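Peer 1: Here it is, the structure, as structure tokens.
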Amino acid sequence: MMLQTRDLAVGYGKKTVVDHINLDVLKGQMICLLGPNGSGKSTILKSLCGFLAPLRGTVYLTKKNLSHIKTSALAKKMAVVLTERFSPGLMTGFGIVSLGRHPHTGFLGKLTDKDVNKTLDALRLVNAEDLADKLFAEMSDGQKQKIMLARALAQEPELIVLDEPTTHLDIHHQVEVMRILNKMTKEKGITVILSLHEIDLAMRSCEIAVLIKDNRILAYGPPEEVIDDSTIAELFELNTAHYSNLLGSVEFCSNSTNHGICVIGGGGTATHIYRLLSKQGFGVSTGVIHENDIDYHVASATGAHISREKPFEKISSEAYSQTKKYVEKASFVIDSGFPVGSLNKQNFALLLHALKQGKTLFTLRKQKEWCSQLYEYRQKINTEKIVFCENSRDLVAKVAHELHNSKGRREPW
Amino acid sequence: MELEKIRSARVRGIMLLFICLLGIALIINISWGSIKIDVQEIIAVLKGQSENVVHNSVIWKIRLPRTLAALLGGAALAVAGLLLQVFFRNPIVEPFVLGISSGATLMVGLVILAGFSFGMESISPYLIIVSALAGAILVMCIVLLLSLKVRSIVTLLVIGLMVGYSCSAVTSILTALADRDRVHGFVIWSMGSFSNYTWDQVAIVAAVIIPFLAATFLICKPLNAFLMGEEYAKSMGVNIKLFRFVVVALASVLAAIVTAFTGPVSFIGMAIPHICRILFQAADNRILIPGTILGGAVITSLCDLAARMLISPIELPISAITSIFGAPIIVFMLLKRRTDMQ
């Protein structure tokens, strides 16, 4: 057992920020505090580091009461990486990392060969050997963060506490930081406790997630267990966006109540169209989508009106007739160019229905494919209403043009 | 690592240069003046082999104690400035930011201007020294007590500034109400000067400054950890409460003792740490502490020489010289350097 808290309450002065914290962190575990800004993640971490005295309860580090451990002894067990920015003057990467040797050096802080080697080892582990001679002030945020990780590592701790180590970093450095932390836990058996904003990073890298909201621990356990669509929505109070656990990302809901565009897709061909339209603020209804289709998950996350079908079933007549209504109500229809197979033949029939209704049909399907499909359906169709689009960019331009025209037509004359 | 090696060669070079300059400053400070004394004669006088009565008394009674006082005082102020700049992580902090010189000035003001001279006909220099020391120590004790109480270092800085302002306010009231003759004497004192040091005074200053300078070497390790801020320093095992107390105490005593005997000397405490950082290209206090001691001593003694030489026989205030020559140098160096330090 690396770290335990028992009925811990943390806060400042008389104000309790988070109460009833009971954590059990094992050696080599990676544990992540997840919660909105101001939920008290940093306050908890500061109390675990000993920067803040607990208001109630106790923190045990390797079964010893944290407040009874001397600062100098604690420094050999625990290292921290804080969000606070600092400018250390004319110091190189090597200089900063070697400061981590502080608890191990002698009275005047002179680096021995061993200290120099440990410092270089730490730089190597975070892939930052090339930063050793670079001035800290001239580094990018990502490089600085790697140096801070190396500094913590040079301290040779059993536990590293990090406050939002991925904030301000681009996606490349976010992933790199998390991989380095993972490596520390696996190779060195270091326990890592960190706070994060990014749900997907937490899902993919941490063993235990602690969700914090409204002065309490909302959920505590493996992220696969505690993180789902509804807990995330509750945690971050998502109203205008929707977190999809399956996609591991947040989709922005369209707040339009007019579902005037019908997108017929399937097989993942329509995901970008749903996103595009909801980004532009259009309400969308869909053709029939199977529930195991990624299009289904994106469409439901963006708040589209969906007509659905059970996985691997042929499209039923109920679903078909419901979608027919969507098509009839829509001002125009978009065909994502979905592959047509035996289970979703009806979706293509819906496109034909739209054309019969005289709807404009934007399609990403090639003309040649239309010809062969039409031949198969043996139907005579007015193809003048079909607008062929080269790619999604072309599609957006043409849809925008169409919308502009339809608005124009509503001008009073 | 390559850069570290190049830097340590550079550091050694500049240290050597500073030591040479220290020797040169010592010699020309003794040699130059209204009477010029050449080096052979100086050596003869110091060995006690010179027959020249004037030379003997000029060197032994005036120039040597004055030079030593300037060297010691400069070193003390520069190191005090460095300590506080690292402590507050602020480049424009100087040793008097915690109100020490204002406290000393207020007490001296009370003695000279408000007539708390216990009915003495003329005000003895020792009375001024004692009152300045008392003022400095009083302010220092207030700040030290508060340093143990307050949570944030910035609060401490603000408290120091406020104490300083209050003392200055009272001083200015005293000045407004006092006799003209007395104000002149007070203003002269408040501009600071290394003249009139006696051997007794040099001995007292040395007895305080040398052990305290030695003590600053002992805190260079936690001071380095402090470069990353208080929380990181704590996480690396620094006892923050003790460290705060020690830093404030060391810096205050060094600044207080110089102020008591010399009056407030501005600029040295702020500028020398900057000059050293730029010259040594370093933030490591193990380099900067000896660097500022040597740099402070050399530059202060040269400024003192300029103060008494430029329009002799009138002596200029030392603070004027340090600021007039120092400020452009600092600006020039800051413009030339590669990266921002803060």
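Convention: chains lettered A, B, ... in structure tokens order; per-chain residue numbering from 1; ligands numbered from 1 as shown.
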List the spatial neighbours of region 70-76 of chain B as a list in words - criterion: any atom at most 6 Å away, only C-alpha atoms, same-chain residues fewer than 2 positions off excluded.
Peer 2: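 The residues satisfying every condition are Thr67, Leu68, Ala78, Val79, Leu254, Val258, Ile293, Gly296, Ala297, Thr300 and Ser301 of chain B.
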Peer 1: Taking N, CA and C atoms for each residue, export the selection above as an mmCIF file, in the first residue's frame.
Peer 2:
```
data_model
loop_
_atom_site.group_PDB
_atom_site.id
_atom_site.type_symbol
_atom_site.label_atom_id
_atom_site.label_comp_id
_atom_site.auth_asym_id
_atom_site.auth_seq_id
_atom_site.Cartn_x
_atom_site.Cartn_y
_atom_site.Cartn_z
ATOM 1 N N THR B 67 38.690 52.292 2.813
ATOM 2 C CA THR B 67 38.651 51.302 1.730
ATOM 3 C C THR B 67 38.096 49.980 2.230
ATOM 4 N N LEU B 68 38.596 49.559 3.378
ATOM 5 C CA LEU B 68 38.112 48.279 3.916
ATOM 6 C C LEU B 68 36.612 48.346 4.179
ATOM 7 N N ALA B 78 25.488 43.663 -1.537
ATOM 8 C CA ALA B 78 25.243 42.887 -2.755
ATOM 9 C C ALA B 78 24.674 41.515 -2.415
ATOM 10 N N VAL B 79 25.245 40.856 -1.413
ATOM 11 C CA VAL B 79 24.760 39.522 -1.047
ATOM 12 C C VAL B 79 23.353 39.611 -0.463
ATOM 13 N N LEU B 254 22.868 41.974 7.455
ATOM 14 C CA LEU B 254 23.900 42.522 6.575
ATOM 15 C C LEU B 254 23.544 43.949 6.156
ATOM 16 N N VAL B 258 25.454 47.714 7.649
ATOM 17 C CA VAL B 258 26.043 48.673 6.719
ATOM 18 C C VAL B 258 25.316 50.012 6.839
ATOM 19 N N ILE B 293 29.772 38.738 -3.778
ATOM 20 C CA ILE B 293 30.655 39.258 -2.719
ATOM 21 C C ILE B 293 31.820 40.012 -3.351
ATOM 22 N N GLY B 296 30.440 43.052 -5.509
ATOM 23 C CA GLY B 296 29.965 44.125 -4.643
ATOM 24 C C GLY B 296 31.121 44.892 -4.042
ATOM 25 N N ALA B 297 32.135 44.165 -3.580
ATOM 26 C CA ALA B 297 33.293 44.815 -2.956
ATOM 27 C C ALA B 297 34.016 45.699 -3.966
ATOM 28 N N THR B 300 31.711 48.745 -5.286
ATOM 29 C CA THR B 300 31.448 49.755 -4.262
ATOM 30 C C THR B 300 32.708 50.556 -3.940
ATOM 31 N N SER B 301 33.856 49.860 -3.876
ATOM 32 C CA SER B 301 35.061 50.609 -3.524
ATOM 33 C C SER B 301 35.446 51.564 -4.653
#
```
Peer 1: Taking only C-alpha atoms into account, report as a ChimeraX atom specification which residues of chain A lie within 10 Å of chain B.
Peer 2: /A:46,49-51,70-82,84-96,99-110,116,120,129,131-138,152,155
Peer 1: Taking 4 positions as the minimum chain separation for residues in the same chain, which residues sit within 6 Å of Val45 (chain B) when counting only C-alpha atoms? Answer as a list in words.
Peer 2: Gln49, Ser50 and Asn56 of chain B
Peer 1: Can those selected residues be exported to a file as a short mmCIF file (atom, residue, chain, number, x, y, z; two decimals), in the first residue's frame so that it contains N, CA and C atoms?
Peer 2:
```
data_model
loop_
_atom_site.label_atom_id
_atom_site.label_comp_id
_atom_site.auth_asym_id
_atom_site.auth_seq_id
_atom_site.Cartn_x
_atom_site.Cartn_y
_atom_site.Cartn_z
N GLN B 49 57.80 51.03 7.53
CA GLN B 49 59.18 51.44 7.26
C GLN B 49 59.28 52.87 6.74
N SER B 50 58.11 53.52 6.56
CA SER B 50 58.16 54.86 5.98
C SER B 50 58.33 55.90 7.09
N ASN B 56 51.92 58.33 6.38
CA ASN B 56 51.53 57.37 7.42
C ASN B 56 50.13 57.66 7.93
#
```
Peer 1: Need to verify the contact set: Ser316 (chain A), 10 Å, only C-alpha atoms, exclusion of same-chain residues closer than 3 positions in sequence. Can you return it as a PyMOL selection string?
Peer 2: chain A and resi 288+308-310+313+319-321+343-344+346
Peer 1: May I have the residues from that selection written out with all heavy atoms, as a PDB file, in the first residue's frame?
Peer 2:
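In the end it all went to selection_20.pdb:
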```
ATOM      1  N   VAL A 288     -32.263   5.192 -42.057  1.00  0.00           N
ATOM      2  CA  VAL A 288     -32.205   4.086 -41.100  1.00  0.00           C
ATOM      3  C   VAL A 288     -30.735   3.723 -40.847  1.00  0.00           C
ATOM      4  O   VAL A 288     -29.971   3.527 -41.796  1.00  0.00           O
ATOM      5  CB  VAL A 288     -32.974   2.857 -41.644  1.00  0.00           C
ATOM      6  CG1 VAL A 288     -33.001   1.774 -40.591  1.00  0.00           C
ATOM      7  CG2 VAL A 288     -34.372   3.265 -42.047  1.00  0.00           C
ATOM      8  N   ARG A 308     -33.833   3.944 -36.351  1.00  0.00           N
ATOM      9  CA  ARG A 308     -32.817   2.935 -36.092  1.00  0.00           C
ATOM     10  C   ARG A 308     -33.313   1.528 -36.381  1.00  0.00           C
ATOM     11  O   ARG A 308     -34.506   1.285 -36.504  1.00  0.00           O
ATOM     12  CB  ARG A 308     -32.398   3.026 -34.645  1.00  0.00           C
ATOM     13  CG  ARG A 308     -33.602   2.878 -33.699  1.00  0.00           C
ATOM     14  CD  ARG A 308     -33.159   2.623 -32.306  1.00  0.00           C
ATOM     15  NE  ARG A 308     -33.128   3.858 -31.527  1.00  0.00           N
ATOM     16  CZ  ARG A 308     -32.870   3.860 -30.225  1.00  0.00           C
ATOM     17  NH1 ARG A 308     -32.589   2.751 -29.598  1.00  0.00           N
ATOM     18  NH2 ARG A 308     -32.889   4.987 -29.558  1.00  0.00           N
ATOM     19  N   GLU A 309     -32.352   0.672 -36.473  1.00  0.00           N
ATOM     20  CA  GLU A 309     -32.671  -0.735 -36.675  1.00  0.00           C
ATOM     21  C   GLU A 309     -31.742  -1.561 -35.793  1.00  0.00           C
ATOM     22  O   GLU A 309     -30.622  -1.142 -35.490  1.00  0.00           O
ATOM     23  CB  GLU A 309     -32.473  -1.103 -38.161  1.00  0.00           C
ATOM     24  CG  GLU A 309     -32.929  -2.495 -38.527  1.00  0.00           C
ATOM     25  CD  GLU A 309     -34.341  -2.796 -38.024  1.00  0.00           C
ATOM     26  OE1 GLU A 309     -35.324  -2.368 -38.662  1.00  0.00           O
ATOM     27  OE2 GLU A 309     -34.439  -3.428 -36.948  1.00  0.00           O
ATOM     28  N   LYS A 310     -32.208  -2.705 -35.337  1.00  0.00           N
ATOM     29  CA  LYS A 310     -31.379  -3.579 -34.491  1.00  0.00           C
ATOM     30  C   LYS A 310     -30.174  -4.069 -35.283  1.00  0.00           C
ATOM     31  O   LYS A 310     -30.267  -4.210 -36.513  1.00  0.00           O
ATOM     32  CB  LYS A 310     -32.208  -4.767 -34.004  1.00  0.00           C
ATOM     33  CG  LYS A 310     -33.228  -4.387 -32.959  1.00  0.00           C
ATOM     34  CD  LYS A 310     -33.783  -5.639 -32.289  1.00  0.00           C
ATOM     35  CE  LYS A 310     -35.015  -5.285 -31.490  1.00  0.00           C
ATOM     36  NZ  LYS A 310     -36.174  -5.000 -32.389  1.00  0.00           N
ATOM     37  N   GLU A 313     -29.958  -6.761 -38.536  1.00  0.00           N
ATOM     38  CA  GLU A 313     -31.293  -7.075 -39.035  1.00  0.00           C
ATOM     39  C   GLU A 313     -31.489  -6.334 -40.352  1.00  0.00           C
ATOM     40  O   GLU A 313     -30.963  -5.243 -40.556  1.00  0.00           O
ATOM     41  CB  GLU A 313     -32.374  -6.596 -38.033  1.00  0.00           C
ATOM     42  CG  GLU A 313     -32.422  -7.366 -36.741  1.00  0.00           C
ATOM     43  CD  GLU A 313     -33.056  -8.736 -36.907  1.00  0.00           C
ATOM     44  OE1 GLU A 313     -33.726  -8.956 -37.937  1.00  0.00           O
ATOM     45  OE2 GLU A 313     -32.840  -9.577 -36.008  1.00  0.00           O
ATOM     46  N   ALA A 319     -39.363   0.848 -39.584  1.00  0.00           N
ATOM     47  CA  ALA A 319     -38.271   1.819 -39.658  1.00  0.00           C
ATOM     48  C   ALA A 319     -38.329   2.556 -40.990  1.00  0.00           C
ATOM     49  O   ALA A 319     -38.116   3.767 -41.063  1.00  0.00           O
ATOM     50  CB  ALA A 319     -36.929   1.111 -39.493  1.00  0.00           C
ATOM     51  N   TYR A 320     -38.592   1.777 -42.029  1.00  0.00           N
ATOM     52  CA  TYR A 320     -38.622   2.378 -43.366  1.00  0.00           C
ATOM     53  C   TYR A 320     -39.684   3.458 -43.468  1.00  0.00           C
ATOM     54  O   TYR A 320     -39.427   4.565 -43.950  1.00  0.00           O
ATOM     55  CB  TYR A 320     -38.871   1.283 -44.411  1.00  0.00           C
ATOM     56  CG  TYR A 320     -38.884   1.779 -45.820  1.00  0.00           C
ATOM     57  CD1 TYR A 320     -37.700   2.203 -46.424  1.00  0.00           C
ATOM     58  CD2 TYR A 320     -40.059   1.856 -46.564  1.00  0.00           C
ATOM     59  CE1 TYR A 320     -37.687   2.672 -47.728  1.00  0.00           C
ATOM     60  CE2 TYR A 320     -40.062   2.324 -47.859  1.00  0.00           C
ATOM     61  CZ  TYR A 320     -38.865   2.735 -48.441  1.00  0.00           C
ATOM     62  OH  TYR A 320     -38.869   3.216 -49.719  1.00  0.00           O
ATOM     63  N   SER A 321     -40.888   3.129 -42.965  1.00  0.00           N
ATOM     64  CA  SER A 321     -41.956   4.116 -43.136  1.00  0.00           C
ATOM     65  C   SER A 321     -41.711   5.341 -42.254  1.00  0.00           C
ATOM     66  O   SER A 321     -42.065   6.462 -42.621  1.00  0.00           O
ATOM     67  CB  SER A 321     -43.316   3.475 -42.841  1.00  0.00           C
ATOM     68  OG  SER A 321     -43.289   2.881 -41.563  1.00  0.00           O
ATOM     69  N   LEU A 343     -28.522  -5.863 -46.242  1.00  0.00           N
ATOM     70  CA  LEU A 343     -29.260  -5.438 -45.048  1.00  0.00           C
ATOM     71  C   LEU A 343     -29.816  -4.019 -45.152  1.00  0.00           C
ATOM     72  O   LEU A 343     -30.776  -3.674 -44.486  1.00  0.00           O
ATOM     73  CB  LEU A 343     -28.363  -5.539 -43.799  1.00  0.00           C
ATOM     74  CG  LEU A 343     -27.916  -6.936 -43.399  1.00  0.00           C
ATOM     75  CD1 LEU A 343     -27.082  -6.891 -42.137  1.00  0.00           C
ATOM     76  CD2 LEU A 343     -29.113  -7.854 -43.180  1.00  0.00           C
ATOM     77  N   ASN A 344     -29.184  -3.176 -45.977  1.00  0.00           N
ATOM     78  CA  ASN A 344     -29.620  -1.769 -45.992  1.00  0.00           C
ATOM     79  C   ASN A 344     -30.095  -1.307 -47.356  1.00  0.00           C
ATOM     80  O   ASN A 344     -30.097  -0.123 -47.646  1.00  0.00           O
ATOM     81  CB  ASN A 344     -28.505  -0.857 -45.446  1.00  0.00           C
ATOM     82  CG  ASN A 344     -27.316  -0.799 -46.367  1.00  0.00           C
ATOM     83  OD1 ASN A 344     -27.166  -1.656 -47.222  1.00  0.00           O
ATOM     84  ND2 ASN A 344     -26.496   0.201 -46.194  1.00  0.00           N
ATOM     85  N   GLN A 346     -32.894  -0.898 -48.371  1.00  0.00           N
ATOM     86  CA  GLN A 346     -34.016   0.027 -48.206  1.00  0.00           C
ATOM     87  C   GLN A 346     -33.561   1.476 -48.146  1.00  0.00           C
ATOM     88  O   GLN A 346     -34.304   2.373 -48.540  1.00  0.00           O
ATOM     89  CB  GLN A 346     -34.799  -0.304 -46.920  1.00  0.00           C
ATOM     90  CG  GLN A 346     -35.347  -1.693 -46.875  1.00  0.00           C
ATOM     91  CD  GLN A 346     -36.592  -1.832 -47.725  1.00  0.00           C
ATOM     92  OE1 GLN A 346     -36.593  -1.470 -48.899  1.00  0.00           O
ATOM     93  NE2 GLN A 346     -37.656  -2.365 -47.142  1.00  0.00           N
TER      94      GLN A 346
END
```
Peer 1: Contacts of Gln373 (chain A) at 9 Å or less, counting only C-alpha atoms, minus same-chain residues fewer than 4 places along, as a ChimeraX atom specification?
Peer 2: /A:340,348,368-369,377-378
Peer 1: Do a neighbour search on region 7-9 of chain A at 8 Å with only C-alpha atoms, toss out local chain neighbours closer than 5 positions, and write the hits as a count of residues only.
Peer 2: 13
Peer 1: Can you list, as an NGL selection string, all residues belonging to region 5-167 of chain B that DSSP tags as alpha helix (DSSP H)?
Peer 2: :B and (5-31 or 39-47 or 53-57 or 64-88 or 100-112 or 125-149 or 153-167)
Peer 1: Find the residues around region 60-62 of chain A up to 8 Å (only C-alpha atoms counted), leave out those fewer than 5 positions away in its own chain, and share them as a short mmCIF file (atom, residue, chain, number, x, y, z; two decimals) with all heavy atoms, in the first residue's frame.
Peer 2:
```cif
data_model
loop_
_atom_site.label_atom_id
_atom_site.label_comp_id
_atom_site.auth_asym_id
_atom_site.auth_seq_id
_atom_site.Cartn_x
_atom_site.Cartn_y
_atom_site.Cartn_z
N MET A 1 0.84 -1.19 0.00
CA MET A 1 0.00 0.00 0.00
C MET A 1 0.88 1.25 0.00
O MET A 1 1.70 1.44 0.88
CB MET A 1 -0.89 -0.04 1.25
CG MET A 1 -1.93 1.05 1.28
SD MET A 1 -3.11 0.97 -0.06
CE MET A 1 -4.00 -0.53 0.37
N MET A 2 0.74 2.06 -1.05
CA MET A 2 1.59 3.23 -1.17
C MET A 2 0.98 4.41 -0.39
O MET A 2 1.65 5.04 0.42
CB MET A 2 1.67 3.60 -2.65
CG MET A 2 2.75 4.60 -2.95
SD MET A 2 4.34 3.88 -2.64
CE MET A 2 5.13 5.30 -1.93
N LEU A 3 -0.27 4.68 -0.67
CA LEU A 3 -0.89 5.86 -0.07
C LEU A 3 -2.34 5.56 0.26
O LEU A 3 -3.05 4.91 -0.50
CB LEU A 3 -0.81 7.03 -1.06
CG LEU A 3 -1.35 8.36 -0.58
CD1 LEU A 3 -0.32 9.43 -0.80
CD2 LEU A 3 -2.63 8.75 -1.26
N GLN A 4 -2.75 5.99 1.44
CA GLN A 4 -4.13 5.80 1.86
C GLN A 4 -4.65 7.11 2.45
O GLN A 4 -3.90 7.84 3.08
CB GLN A 4 -4.18 4.75 2.97
CG GLN A 4 -4.36 3.34 2.50
CD GLN A 4 -4.38 2.38 3.68
OE1 GLN A 4 -3.55 2.48 4.58
NE2 GLN A 4 -5.32 1.47 3.65
N THR A 5 -5.92 7.35 2.24
CA THR A 5 -6.52 8.45 3.01
C THR A 5 -7.74 7.87 3.71
O THR A 5 -8.43 7.02 3.18
CB THR A 5 -6.96 9.61 2.10
OG1 THR A 5 -8.02 9.15 1.26
CG2 THR A 5 -5.84 10.10 1.22
#
```
Peer 1: Just checking: using only C-alpha atoms, which residue out of B:Ile123, B:Ala69, B:Val253, B:Leu305 ends up closest to Ile30 (chain B)?
Peer 2: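 Among B:Ile123, B:Ala69, B:Val253, B:Leu305, it is B:Leu305 that comes nearest to Ile30 (chain B).
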Peer 1: Find, counting only C-alpha atoms, the residue in A:Met203, A:Ala397, A:Ala154, A:Ile334 that gets nearest to Lys114 (chain A).
Peer 2: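 For Lys114 (chain A), the nearest of the given residues is A:Ala154.
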